[in-house]
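**Student:** Have a look at this one before I ask anything.
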Amino acid sequence: MNNENIQAIVERPSDEELHHPMEDLLRMDRMPHIWCPGCGLGSCLSAFVEGLNKADVNFDKVAVVSGIGCTGRIAGYIKLDSYHTTHGRAIPFATGLKLANRDLTVVVFSGDGDLFAIGGNHLIHAARRNADINVICVNNFIYGMTGGQNAPTTPLKAYSSTAPYGNYEQPFNLVGVAAAAGASYVARWTALHMRRLTDSIAQATNKKGFCFIEIVSPCATVFARKNRGGTGLDLLKEFGRRSVIDHSADPTKIPIDMDGEIVCGVFVNEDRPTFWENVQNGIKSKLEKTLKYEHLSKE
Ligand SMILES: Cc1ncc(C[n+]2csc(CCOP(=O)(O)OP(=O)(O)O)c2C)c(N)n1
Ligand code: SF4
Ligand SMILES: [Mg+2]
């Protein structure tokens with residue numbers, strides 16, 4: 001059978017059928033993306049777009065800021081106002097953006113290495129100040145893009161390209177760090193918990209203050225290979241087996257290791273004044289005192 005005959009019997013899908021539901025929010029001119037088959041980042045991006053839809057936010061008022069790494073590419077693929085900043089500096093960039101444009105919803109989307117190694121100081125101080133930004137951290141336990149070096153999240157005894165005999169550095173428990181530093185909202189999900197993750201992203205979008213969401217996500221290429229984890233799907237299945245949902249868990253007491261439980265949930269959801277509100281209130285009371293003093297001195 002020649003090609004013409006094959007074409008005649010295969011019904012062509014309509015343009016509508018060919019249109020991916022997320023296409024309007026993706027920079028299709030950048031496709032195909034660089035992510036490996038089986039990587040969890042596609043699910044993380046889908047959950048983000050779904051979460052924004054659920055939050056009913058005006059897409060023209062959303063800005064996405066990433067650092068570098070495989071996760072950092074999200075800023076380049078999403079068709080919103082987005083910034084791919086330098087390594088570790090997404091949070092100060094986002095804080096400035098929000099302070100200058102306070103009607104924006106500013107979201108930092110970046111990796112565990114970017115946000116907790118070189119960017120770790122920025123993260124704890126933005127949480128302490130309660131900067132009004134949302135931070136979504138994809139934790140794949142490794143520096144994915146640069147070939148699998150140890151990250152501050154690499155579990156004890158896991159292998160990486162810089163820990164060929166296993167990692168013997170105690171990793172950070174990301175939700176514990178964010179909560180201890182003062183974040184208003186702290187949640188952890190895996191890339192398998194699509195509905196709950198989407199709901200969390202919607203909740204954080206509609207919430208004031210520093211909101212932190214960790215997504216435990218498979219790095220099918222470097223982390224899985226070095227640790228004999230199988231494919232991305234195998235890792236997801238393992239996350240599913242090991243996950244328990246406990247919203248009442250103390251976030252400082254739920255580190256992730258190589259084979260124990262991955263405790264998920266929304267651990268902190270509090271309201272406290274944001275950095276900008278504190279500045280406003282502080283300046284207002286100072287000015288009031290000065291004006292009162294000037295008024296009295298004239299009498
Ligand atoms: C100043 C600087 N130092 C080092 C690098 C190299 N670098 C690129 S990606 C990366 C690690 C990113 O890890 P992570 O944030 O976990 O992202 P992933 O690739 O795992 O999603 C590093 C160290 C860089 N781009 N800039
Ligand atoms: S190296 Fe890992 S994190 Fe990066 S795209 Fe590949 S699977 Fe994903
Ligand atoms: Mg990483």
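Labels for the structure tokens follow display order: chains A, B, ..., residues from 1 in each chain, ligands from 1.
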Which protein, DNA or RNA residues have an atom within 12 Å of ligand 2, counting only C-alpha atoms and all ligand atoms, as a PyMOL selection string?

**Tutor:** chain A and resi 33-44+68-74+110-113+138-149+216-226+229-233+235

**Student:** Quick one: everything within 6 Å of segment 169-182 of chain A, counting only C-alpha atoms, minus sequence neighbours fewer than 6 positions away in the same chain. Send it as a list in words.

**Tutor:**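 The residues satisfying every condition are Ile124, Ala127, Arg128, Pro152, Thr153, Thr154, Pro155, Pro251, Thr252 and Pro255 of chain A.
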
**Student:** Those same residues, written as a PDB file, in the first residue's frame with C-alpha atoms?

**Tutor:**
ATOM      1  CA  ILE A 124      14.560  31.927  54.947  1.00  0.00           C
ATOM      2  CA  ALA A 127       9.714  33.666  54.889  1.00  0.00           C
ATOM      3  CA  ARG A 128      10.802  35.550  58.025  1.00  0.00           C
ATOM      4  CA  PRO A 152      20.933  19.971  50.128  1.00  0.00           C
ATOM      5  CA  THR A 153      17.954  17.584  49.814  1.00  0.00           C
ATOM      6  CA  THR A 154      19.842  14.433  48.784  1.00  0.00           C
ATOM      7  CA  PRO A 155      18.784  11.795  51.341  1.00  0.00           C
ATOM      8  CA  PRO A 251       6.513  20.019  59.553  1.00  0.00           C
ATOM      9  CA  THR A 252       9.832  20.171  61.402  1.00  0.00           C
ATOM     10  CA  PRO A 255      12.254  14.610  56.915  1.00  0.00           C
TER      11      PRO A 255
END

**Student:** Identify, with DSSP run on backbone atoms, the residues in segment 49-201 of chain A assigned to strand (DSSP E or B), and express the list as a PyMOL selection string.

**Tutor:** chain A and resi 62-66+78+81-84+105-111+134-139+143+149+160+163+185-190

**Student:** Within 12 Å of Pro21 of chain A, counting only C-alpha atoms, which residues qualify if same-chain residues fewer than 3 places away don't, as a count of residues only?

**Tutor:** 9

**Student:** For ligand 3, which of A:Asp114, A:Asp29, A:Asp81, A:Asp132 is the closest residue, counting only C-alpha atoms and all ligand atoms?

**Tutor:** A:Asp114

**Student:** At a cut-off of 10 Å, using only C-alpha atoms, what residues contact Arg242 of chain A? Leave out same-chain residues fewer than 6 positions from it and give the result as a list in words.

**Tutor:**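 Final neighbour list, sorted by chain and number: Leu236, Asp259, Gly260, Glu261, Ile262 and Val263 of chain A.
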
**Student:** Taking the DSSP assignment computed from this structure's backbone, write out as a VMD selection string all residues of segment 85-268 of chain A that belong to helix (DSSP H, G or I).

**Tutor:** chain A and resid 90 to 100 112 to 118 120 to 129 174 to 181 194 to 205 222 to 226 232 to 242 251 to 253

**Student:** Please determine, counting only C-alpha atoms, which residue among A:Met31, A:Val62, A:Leu123, A:Ala117 has the shortest atom-to-atom distance to Asn101 of chain A.

**Tutor:**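 Looking only at the distances to Asn101 of chain A, the closest residue turns out to be A:Val62.
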
**Student:** Pick the closest to Asp271 of chain A from A:Ala183, A:Leu287, A:Leu192, A:Ala94: which is it, counting only C-alpha atoms?

**Tutor:**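 Going through A:Ala183, A:Leu287, A:Leu192, A:Ala94 one by one, the smallest distance to Asp271 of chain A is for A:Ala183.
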
**Student:** Give the answer as one residue: which of A:Cys211, A:Leu291, A:Ile283, A:Val186 has the shortest atom-to-atom distance to Ala249 of chain A, using only C-alpha atoms?

**Tutor:**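 Closest candidate: A:Val186.
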
**Student:** Neighbours of Met258 of chain A within 9 Å (only C-alpha atoms; same-chain residues fewer than 6 positions away dropped), as a PyMOL selection string?

**Tutor:** chain A and resi 155-158

**Student:** Identify which of the residues A:Val107, A:Val244, A:Leu99, A:Ile118 lies closest to ligand 1, counting only C-alpha atoms and all ligand atoms when measuring atom-to-atom distances.

**Tutor:**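 Looking only at the distances to ligand 1, the closest residue turns out to be A:Ile118.
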
**Student:** Mind giving me the straight-line distance from atom CA of Phe116 of chain A to atom CA of Ala131 of chain A in Å, one decimal?

**Tutor:**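 Those two atoms sit 17.0 Å apart.
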
**Student:** Point out the residue among A:Ser160, A:Arg102, A:Ser82, A:Leu52 with the least atom-to-atom distance to ligand 3, counting only C-alpha atoms and all ligand atoms.

**Tutor:**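 Going through A:Ser160, A:Arg102, A:Ser82, A:Leu52 one by one, the smallest distance to ligand 3 is for A:Ser160.
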
**Student:** Skipping near chain neighbours, those fewer than 4 positions away, what residues fall within 12 Å of Asp246 of chain A using only C-alpha atoms, listed as an NGL selection string?

**Tutor:** :A and (187-189 or 250-251 or 254 or 261-268)
